[in-house]
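A quick write-up on the structure given underneath.
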Amino acid sequence: MEHVLIEPNPPRPERADAARNRMRILEAAARLFAERDPNQVTMDEIARAAGVGRGTLYRRYPDRAAIAAALLDEHERAIQEELLRGAPPLGPGAPPADRLAAFYGAMVKLLEQHAHLVLGTEVGRSRFVTGAYGFWRIHVRTLLVAAQVPDPDRLLDILLAPISPDVYLQQRVNLNYSPERITGALSYLARQITAAPTVEPEP
């Protein structure tokens, strides 16, 4: 199954003052999200830090998650591009086990640098409705199908759970695991789940 980059609607021409406000909002939000738990940052704080009115902020970004998503977008798009057209094993041309392990490695790097932004976009159910999550889900499913894993759909959210930001921060901050240790565990998981499947009984 092929999948495509999730493209936004073509942007309208942006006025110079609107562009300045957007950059001020994103810079202020990035600073606040890096300083403490993004879920504790309020929209009012972001507006004050950016020096814009509440109306200006809400017209462009309806909530905190939308701001975090805008900040994170370019980083996630870079990974999506590599998955589609990059060199193996992250890109096409490698066995499913190697590609899934490489995907996990890329996501660990993303989380290591930007976990606070990912956390800001994934509050409650919002994790499961973001465009990026949908893309990761399709990608993992494609690899499981290629590896002939039985009933791959039941495994998708399970396999993406270890790279949720709260799980990653639990391992990195609370348990003090290194990125290399986390990547190694995820590579082991990737190779186990894509190993030669056994025939399972009908439920």
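As shown in the structure tokens, the chain order sets the letters A, B, ...; within each chain, residues go from 1, and ligands are also counted from 1 in the order they appear.
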
Tell me which protein, DNA and RNA residues are within 12 Å of Arg24 (chain A), counting only C-alpha atoms, leaving out same-chain ones fewer than 5 positions away, and put them as a short mmCIF file (atom, residue, chain, number, x, y, z; two decimals) with N, CA and C atoms, in the first residue's frame.
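Result went into result-v3.cif, see below:
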data_model
loop_
_atom_site.label_atom_id
_atom_site.label_comp_id
_atom_site.auth_asym_id
_atom_site.auth_seq_id
_atom_site.Cartn_x
_atom_site.Cartn_y
_atom_site.Cartn_z
N ASP A 17 2.28 42.00 8.26
CA ASP A 17 2.01 42.11 9.69
C ASP A 17 1.52 40.77 10.27
N ALA A 18 0.75 40.02 9.47
CA ALA A 18 0.28 38.71 9.91
C ALA A 18 1.46 37.75 10.05
N ALA A 19 2.41 37.83 9.13
CA ALA A 19 3.59 36.96 9.20
C ALA A 19 4.41 37.28 10.45
N ALA A 29 5.70 30.68 21.99
CA ALA A 29 5.22 29.37 22.40
C ALA A 29 6.37 28.38 22.53
N ALA A 30 7.30 28.40 21.59
CA ALA A 30 8.44 27.48 21.65
C ALA A 30 9.23 27.71 22.93
N ARG A 31 9.40 28.96 23.31
CA ARG A 31 10.13 29.28 24.53
C ARG A 31 9.39 28.78 25.77
N ILE A 46 0.76 32.69 26.24
CA ILE A 46 1.39 32.76 24.93
C ILE A 46 1.12 34.11 24.29
N ALA A 47 -0.12 34.60 24.39
CA ALA A 47 -0.46 35.91 23.82
C ALA A 47 0.37 37.01 24.46
N ARG A 48 0.48 36.98 25.78
CA ARG A 48 1.26 38.00 26.48
C ARG A 48 2.73 37.94 26.10
N ALA A 49 3.28 36.73 26.06
CA ALA A 49 4.70 36.57 25.73
C ALA A 49 4.98 37.02 24.29
N ALA A 50 4.01 36.84 23.41
CA ALA A 50 4.18 37.22 22.00
C ALA A 50 3.87 38.69 21.76
N GLY A 51 3.21 39.33 22.73
CA GLY A 51 2.85 40.73 22.56
C GLY A 51 1.73 40.93 21.57
N VAL A 52 0.80 39.95 21.52
CA VAL A 52 -0.36 40.07 20.62
C VAL A 52 -1.64 39.93 21.44
N GLY A 53 -2.74 40.38 20.87
CA GLY A 53 -4.01 40.26 21.54
C GLY A 53 -4.58 38.85 21.46
N THR A 56 -6.06 38.06 18.04
CA THR A 56 -5.05 37.74 17.03
C THR A 56 -4.57 36.30 17.19
N LEU A 57 -4.35 35.90 18.43
CA LEU A 57 -3.88 34.54 18.68
C LEU A 57 -4.92 33.51 18.27
N ILE A 67 -0.84 25.27 18.11
CA ILE A 67 0.45 25.98 18.09
C ILE A 67 1.60 24.97 18.12
#

Skipping near chain neighbours, those fewer than 6 positions away, what residues fall within 12 Å of Gly55 (chain A) using only C-alpha atoms, listed as a PDB file with C-alpha atoms, in the first residue's frame?
ATOM      1  CA  ASN A  21       2.535  38.059  14.424  1.00  0.00           C
ATOM      2  CA  MET A  43      -3.153  30.600  25.618  1.00  0.00           C
ATOM      3  CA  ASP A  44      -3.195  33.865  27.596  1.00  0.00           C
ATOM      4  CA  ALA A  47      -0.459  35.905  23.815  1.00  0.00           C
ATOM      5  CA  ARG A  48       1.260  38.004  26.484  1.00  0.00           C
ATOM      6  CA  TYR A  61      -4.519  29.082  16.434  1.00  0.00           C
ATOM      7  CA  PRO A  62      -7.676  27.781  18.157  1.00  0.00           C
TER       8      PRO A  62
END

Work out how far CA of Thr42 (chain A) is from CA of Met23 (chain A), in Å to one decimal. 17.9 Å

Determine the nearest neighbour of Glu81 (chain A) from the options A:Ala147, A:Pro162, A:Val167, A:His139, counting only C-alpha atoms. A:His139

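Across the structure, CA of Leu155 (chain A) and CA of Pro95 (chain A) are spaced 18.7 Å apart.
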
Between A:Pro152, A:Gly105, A:Gly131, A:Pro88, single out the one closest to Ile182 (chain A), counting only C-alpha atoms.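 The shortest atom-to-atom distance to Ile182 (chain A) comes from A:Gly105.
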
Considering only helix (DSSP H, G or I) as DSSP defines it on the backbone, what residues of region 10-195 of chain A qualify? List them as JSON, numbers by chain. {"A": [16, 17, 18, 19, 20, 21, 22, 23, 24, 25, 26, 27, 28, 29, 30, 31, 32, 33, 34, 35, 38, 39, 40, 43, 44, 45, 46, 47, 48, 49, 50, 54, 55, 56, 57, 58, 59, 60, 64, 65, 66, 67, 68, 69, 70, 71, 72, 73, 74, 75, 76, 77, 78, 79, 80, 81, 82, 83, 84, 85, 96, 97, 98, 99, 100, 101, 102, 103, 104, 105, 106, 107, 108, 109, 110, 111, 112, 113, 114, 115, 116, 117, 118, 119, 120, 121, 126, 127, 128, 129, 131, 132, 133, 134, 135, 136, 137, 138, 139, 140, 141, 142, 143, 144, 145, 146, 152, 153, 154, 155, 156, 157, 158, 159, 160, 161, 162, 163, 165, 166, 167, 168, 169, 170, 171, 172, 173, 174, 179, 180, 181, 182, 183, 184, 185, 186, 187, 188, 189, 190, 191, 192, 193]}

Nearest residue to Glu74 (chain A) from the set A:Leu110, A:Thr183, A:Tyr168, A:Leu144 (distances using only C-alpha atoms):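 Nearest candidate to Glu74 (chain A) out of A:Leu110, A:Thr183, A:Tyr168, A:Leu144: A:Leu110.
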
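Summary of the local environment: counting only C-alpha atoms, residues at most 12 Å from Asp153 (chain A), other than itself and those fewer than 5 positions away along its chain, are Arg137, Ile138, His139, Val140, Arg141, Thr142, Leu143, Leu144, Val145, Ile158, Leu159 and Leu160 of chain A.
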